[in-house]
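Let me begin by presenting the structure, written as structure tokens, before commenting on it.
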Amino acid sequence: MEHSVERKKEPVTFTDQLRVIFKGVLDPIAKFFYRLGVHPNTLTYSGLVGTAVGAYFVARGQFLAGGLVILLIWPIDAVDGAVARLRGEPEDFGAFVDSVTDRYSEFFVLAGLLWYYLQLDNVLACMLVFVAAAGSVMVSYVRARAQSVGLEAKVGFFSRVERYLVIVPALIFNIPLIGIGVLALGTNFTALQRIIYVRRLSRSRRADS
């Protein structure tokens, strides 16, 4: 009962709001793939491969091409869960695979940026990419660890969707360094927010027990 109360108090995130806003766009795409008989994992892996292609362009300094490829592949990568629900398939393993491939997709893009700035011997940019990657890992890791002890911590602005909303426009408008800087600050701040939030929930749970 205590756990259910904690979930009810969980704030509505920007990602949650985006799911509602774009539901009318993504649901028809999901139904289209469902009618074609496309397996959800096929969509998941297609999103991973498409992002890898975009990251290849990024590594070559072709930021506009890379950003557009990543932008175009996003709707396909976003509907795998909806297709799985339409097929009535168990969601646990599919959600696990989706989460893992999402991390790899993000790392591909950051690896492409790292490779590009390594060729330029731009140490500051390389360090910013590293800090952004570390922050991205910590945002997901803190939430996963919280869930392992029965708590939910999806607070903060820089979840995966928000990170893509930063880096993709930065690539398209040829300002990748600004995007990386925003991610480096935002992801680590979000990780810290989640740590503080979990600490508060943990103390509250102990007080109620």
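Residue numbering restarts at 1 in every chain; chains get A, B, ... in the order shown in the structure tokens, and ligands count up from 1 in that same order.
Residues lying within 12 Å of Ile196 of chain A, counting only C-alpha atoms and ignoring same-chain neighbours fewer than 4 positions away, are Val142, Arg143, Ala146, Ala153, Lys154, Val155, Gly156, Phe189, Thr190, Ala191, Leu192, Arg200, Leu201, Ser202 and Arg203 of chain A.
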Using only C-alpha atoms, determine which residues lie at most 8 Å from segment 179-185 of chain A, disregarding the query and same-chain residues fewer than 3 positions distant; provide the list as a ChimeraX atom specification.
/A:128-129,131-133,135,158,163,166-167,170-171,175-176,188-189
Residue subset to file, keeping N, CA and C atoms, as an mmCIF file, in the first residue's frame:
```cif
data_model
loop_
_atom_site.group_PDB
_atom_site.id
_atom_site.type_symbol
_atom_site.label_atom_id
_atom_site.label_comp_id
_atom_site.auth_asym_id
_atom_site.auth_seq_id
_atom_site.Cartn_x
_atom_site.Cartn_y
_atom_site.Cartn_z
ATOM 1 N N LEU A 128 33.857 17.117 -22.738
ATOM 2 C CA LEU A 128 32.422 17.392 -22.621
ATOM 3 C C LEU A 128 31.602 16.189 -23.074
ATOM 4 N N VAL A 129 32.049 15.533 -24.145
ATOM 5 C CA VAL A 129 31.357 14.320 -24.605
ATOM 6 C C VAL A 129 31.415 13.247 -23.523
ATOM 7 N N VAL A 131 31.737 13.686 -20.241
ATOM 8 C CA VAL A 131 30.877 14.082 -19.120
ATOM 9 C C VAL A 131 29.408 13.873 -19.485
ATOM 10 N N ALA A 132 29.038 14.183 -20.731
ATOM 11 C CA ALA A 132 27.655 13.972 -21.177
ATOM 12 C C ALA A 132 27.305 12.489 -21.166
ATOM 13 N N ALA A 133 28.239 11.651 -21.629
ATOM 14 C CA ALA A 133 28.000 10.194 -21.623
ATOM 15 C C ALA A 133 27.875 9.672 -20.197
ATOM 16 N N GLY A 135 26.922 11.377 -17.568
ATOM 17 C CA GLY A 135 25.658 11.849 -17.030
ATOM 18 C C GLY A 135 24.481 11.048 -17.546
ATOM 19 N N PHE A 158 16.143 15.772 -17.976
ATOM 20 C CA PHE A 158 16.976 15.205 -19.033
ATOM 21 C C PHE A 158 16.912 13.688 -19.102
ATOM 22 N N ARG A 163 16.988 14.411 -24.025
ATOM 23 C CA ARG A 163 18.373 14.450 -24.517
ATOM 24 C C ARG A 163 18.405 14.466 -26.035
ATOM 25 N N VAL A 166 17.606 17.769 -27.498
ATOM 26 C CA VAL A 166 18.729 18.705 -27.441
ATOM 27 C C VAL A 166 19.739 18.407 -28.534
ATOM 28 N N ILE A 167 20.179 17.152 -28.633
ATOM 29 C CA ILE A 167 21.300 16.839 -29.510
ATOM 30 C C ILE A 167 20.928 16.834 -30.989
ATOM 31 N N ALA A 170 20.802 20.339 -32.326
ATOM 32 C CA ALA A 170 22.178 20.849 -32.298
ATOM 33 C C ALA A 170 22.972 20.336 -33.492
ATOM 34 N N LEU A 171 22.724 19.084 -33.881
ATOM 35 C CA LEU A 171 23.392 18.534 -35.061
ATOM 36 C C LEU A 171 22.865 19.177 -36.345
ATOM 37 N N ILE A 175 25.535 23.099 -34.471
ATOM 38 C CA ILE A 175 26.061 23.632 -33.209
ATOM 39 C C ILE A 175 26.204 22.473 -32.214
ATOM 40 N N PRO A 176 26.914 21.409 -32.604
ATOM 41 C CA PRO A 176 26.980 20.220 -31.744
ATOM 42 C C PRO A 176 27.622 20.489 -30.395
ATOM 43 N N ASN A 188 23.886 15.412 -15.691
ATOM 44 C CA ASN A 188 24.440 15.241 -14.349
ATOM 45 C C ASN A 188 23.591 15.933 -13.299
ATOM 46 N N PHE A 189 22.986 17.051 -13.652
ATOM 47 C CA PHE A 189 22.072 17.710 -12.723
ATOM 48 C C PHE A 189 20.849 16.836 -12.471
#
```
Between atom CA of Arg85 of chain A and atom CA of Gly24 of chain A, what is the distance in Å, rounded to a tenth?
16.0 Å
Which one of A:Ile21, A:Val58, A:Ala125, A:Leu36 sits closest to Ile178 of chain A if you count only C-alpha atoms?
A:Ala125
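The interatomic distance for the pair atom CA of Tyr34 of chain A and atom CA of Glu89 of chain A works out to 12.1 Å.
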Have a look at atom CA of Ser105 of chain A and atom CA of Asn174 of chain A and let me know their distance in Å, one decimal.
20.1 Å
Using DSSP on the backbone coordinates, identify all residues within segment 3-206 of chain A classified as helix (DSSP H, G or I); present the result as a PyMOL selection string.
chain A and resi 3-9+14-21+23-36+40-59+63-78+80-86+92-119+123-148+160-172+176-206
All residues 12 Å or closer to Leu26 of chain A, only C-alpha atoms, same chain fewer than 6 positions away omitted, as a PDB file with N, CA and C atoms, in the first residue's frame:
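For reference, out.pdb as written:
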```
ATOM      1  N   LEU A  18       4.862  14.291 -23.478  1.00  0.00           N
ATOM      2  CA  LEU A  18       5.129  14.096 -24.900  1.00  0.00           C
ATOM      3  C   LEU A  18       4.433  12.851 -25.435  1.00  0.00           C
ATOM      4  N   ARG A  19       4.380  11.806 -24.608  1.00  0.00           N
ATOM      5  CA  ARG A  19       3.692  10.582 -25.042  1.00  0.00           C
ATOM      6  C   ARG A  19       2.219  10.874 -25.331  1.00  0.00           C
ATOM      7  N   VAL A  20       1.609  11.697 -24.497  1.00  0.00           N
ATOM      8  CA  VAL A  20       0.203  12.059 -24.700  1.00  0.00           C
ATOM      9  C   VAL A  20       0.056  12.925 -25.949  1.00  0.00           C
ATOM     10  N   PHE A  32       0.108   0.597 -38.363  1.00  0.00           N
ATOM     11  CA  PHE A  32       0.582   0.301 -39.715  1.00  0.00           C
ATOM     12  C   PHE A  32       1.579  -0.850 -39.689  1.00  0.00           C
ATOM     13  N   PHE A  33       2.564  -0.788 -38.797  1.00  0.00           N
ATOM     14  CA  PHE A  33       3.558  -1.866 -38.695  1.00  0.00           C
ATOM     15  C   PHE A  33       2.919  -3.158 -38.187  1.00  0.00           C
ATOM     16  N   TRP A  74      13.612   8.136 -35.525  1.00  0.00           N
ATOM     17  CA  TRP A  74      13.021   8.172 -34.191  1.00  0.00           C
ATOM     18  C   TRP A  74      11.592   7.628 -34.146  1.00  0.00           C
ATOM     19  N   PRO A  75      10.676   8.002 -35.068  1.00  0.00           N
ATOM     20  CA  PRO A  75       9.311   7.455 -34.970  1.00  0.00           C
ATOM     21  C   PRO A  75       9.277   5.937 -35.043  1.00  0.00           C
ATOM     22  N   ILE A  76      10.141   5.335 -35.847  1.00  0.00           N
ATOM     23  CA  ILE A  76      10.178   3.878 -35.947  1.00  0.00           C
ATOM     24  C   ILE A  76      10.639   3.274 -34.628  1.00  0.00           C
ATOM     25  N   ASP A  77      11.675   3.890 -34.042  1.00  0.00           N
ATOM     26  CA  ASP A  77      12.210   3.390 -32.783  1.00  0.00           C
ATOM     27  C   ASP A  77      11.242   3.607 -31.625  1.00  0.00           C
ATOM     28  N   ALA A  78      10.321   4.564 -31.779  1.00  0.00           N
ATOM     29  CA  ALA A  78       9.437   4.929 -30.667  1.00  0.00           C
ATOM     30  C   ALA A  78       8.176   4.073 -30.575  1.00  0.00           C
ATOM     31  N   VAL A  79       7.882   3.282 -31.607  1.00  0.00           N
ATOM     32  CA  VAL A  79       6.596   2.572 -31.629  1.00  0.00           C
ATOM     33  C   VAL A  79       6.717   1.078 -31.357  1.00  0.00           C
ATOM     34  N   ASP A  80       7.917   0.598 -31.035  1.00  0.00           N
ATOM     35  CA  ASP A  80       8.069  -0.848 -30.832  1.00  0.00           C
ATOM     36  C   ASP A  80       7.219  -1.346 -29.667  1.00  0.00           C
ATOM     37  N   GLY A  81       7.169  -0.562 -28.588  1.00  0.00           N
ATOM     38  CA  GLY A  81       6.351  -0.962 -27.441  1.00  0.00           C
ATOM     39  C   GLY A  81       4.873  -0.996 -27.777  1.00  0.00           C
ATOM     40  N   ALA A  82       4.418  -0.012 -28.561  1.00  0.00           N
ATOM     41  CA  ALA A  82       3.008   0.033 -28.952  1.00  0.00           C
ATOM     42  C   ALA A  82       2.653  -1.152 -29.843  1.00  0.00           C
ATOM     43  N   VAL A  83       3.557  -1.533 -30.744  1.00  0.00           N
ATOM     44  CA  VAL A  83       3.322  -2.699 -31.605  1.00  0.00           C
ATOM     45  C   VAL A  83       3.251  -3.972 -30.764  1.00  0.00           C
TER      46      VAL A  83
END
```
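Here the question is which of A:Ile195, A:Met138, A:Leu177, A:Leu71 gets nearest to Glu152 of chain A using only C-alpha atoms, and that residue is A:Ile195.
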Find the residues near Ala55 of chain A: any atom within 10 Å, counting only C-alpha atoms, skip ones fewer than 3 places away on the same chain, and give them as a list in words.
Val49, Gly50, Thr51, Ala52, Val58, Ala59, Arg60, Gly61, Gln62, Phe63, Ala65, Gly66, Gly67, Val69, Ile70, Ser105, Glu106, Phe107, Phe108, Val109, Leu110, Ala111, Gly112, Leu113 and Trp115 of chain A
How would the residues just picked look written out with C-alpha atoms as a compact mmCIF listing (two decimals), in the first residue's frame?
```
# COMPACT_ATOMS: atom_id res chain seq x y z
CA VAL A 49 21.01 0.41 -36.96
CA GLY A 50 19.51 3.68 -38.21
CA THR A 51 21.05 5.59 -35.32
CA ALA A 52 24.41 3.93 -36.02
CA VAL A 58 28.33 12.63 -37.30
CA ALA A 59 31.80 11.09 -36.96
CA ARG A 60 32.61 12.42 -40.44
CA GLY A 61 31.49 15.91 -39.47
CA GLN A 62 28.35 15.72 -41.62
CA PHE A 63 26.14 16.91 -38.80
CA ALA A 65 22.94 14.43 -42.54
CA GLY A 66 23.51 12.66 -39.23
CA GLY A 67 20.90 14.72 -37.42
CA VAL A 69 18.88 10.39 -40.18
CA ILE A 70 18.48 10.20 -36.40
CA SER A 105 21.90 4.23 -29.69
CA GLU A 106 22.77 7.19 -27.51
CA PHE A 107 26.35 6.00 -27.10
CA PHE A 108 26.69 5.63 -30.88
CA VAL A 109 25.85 9.30 -31.35
CA LEU A 110 28.20 10.40 -28.58
CA ALA A 111 30.92 8.10 -29.93
CA GLY A 112 30.51 9.73 -33.33
CA LEU A 113 30.97 13.15 -31.77
CA TRP A 115 35.60 10.54 -32.89
```
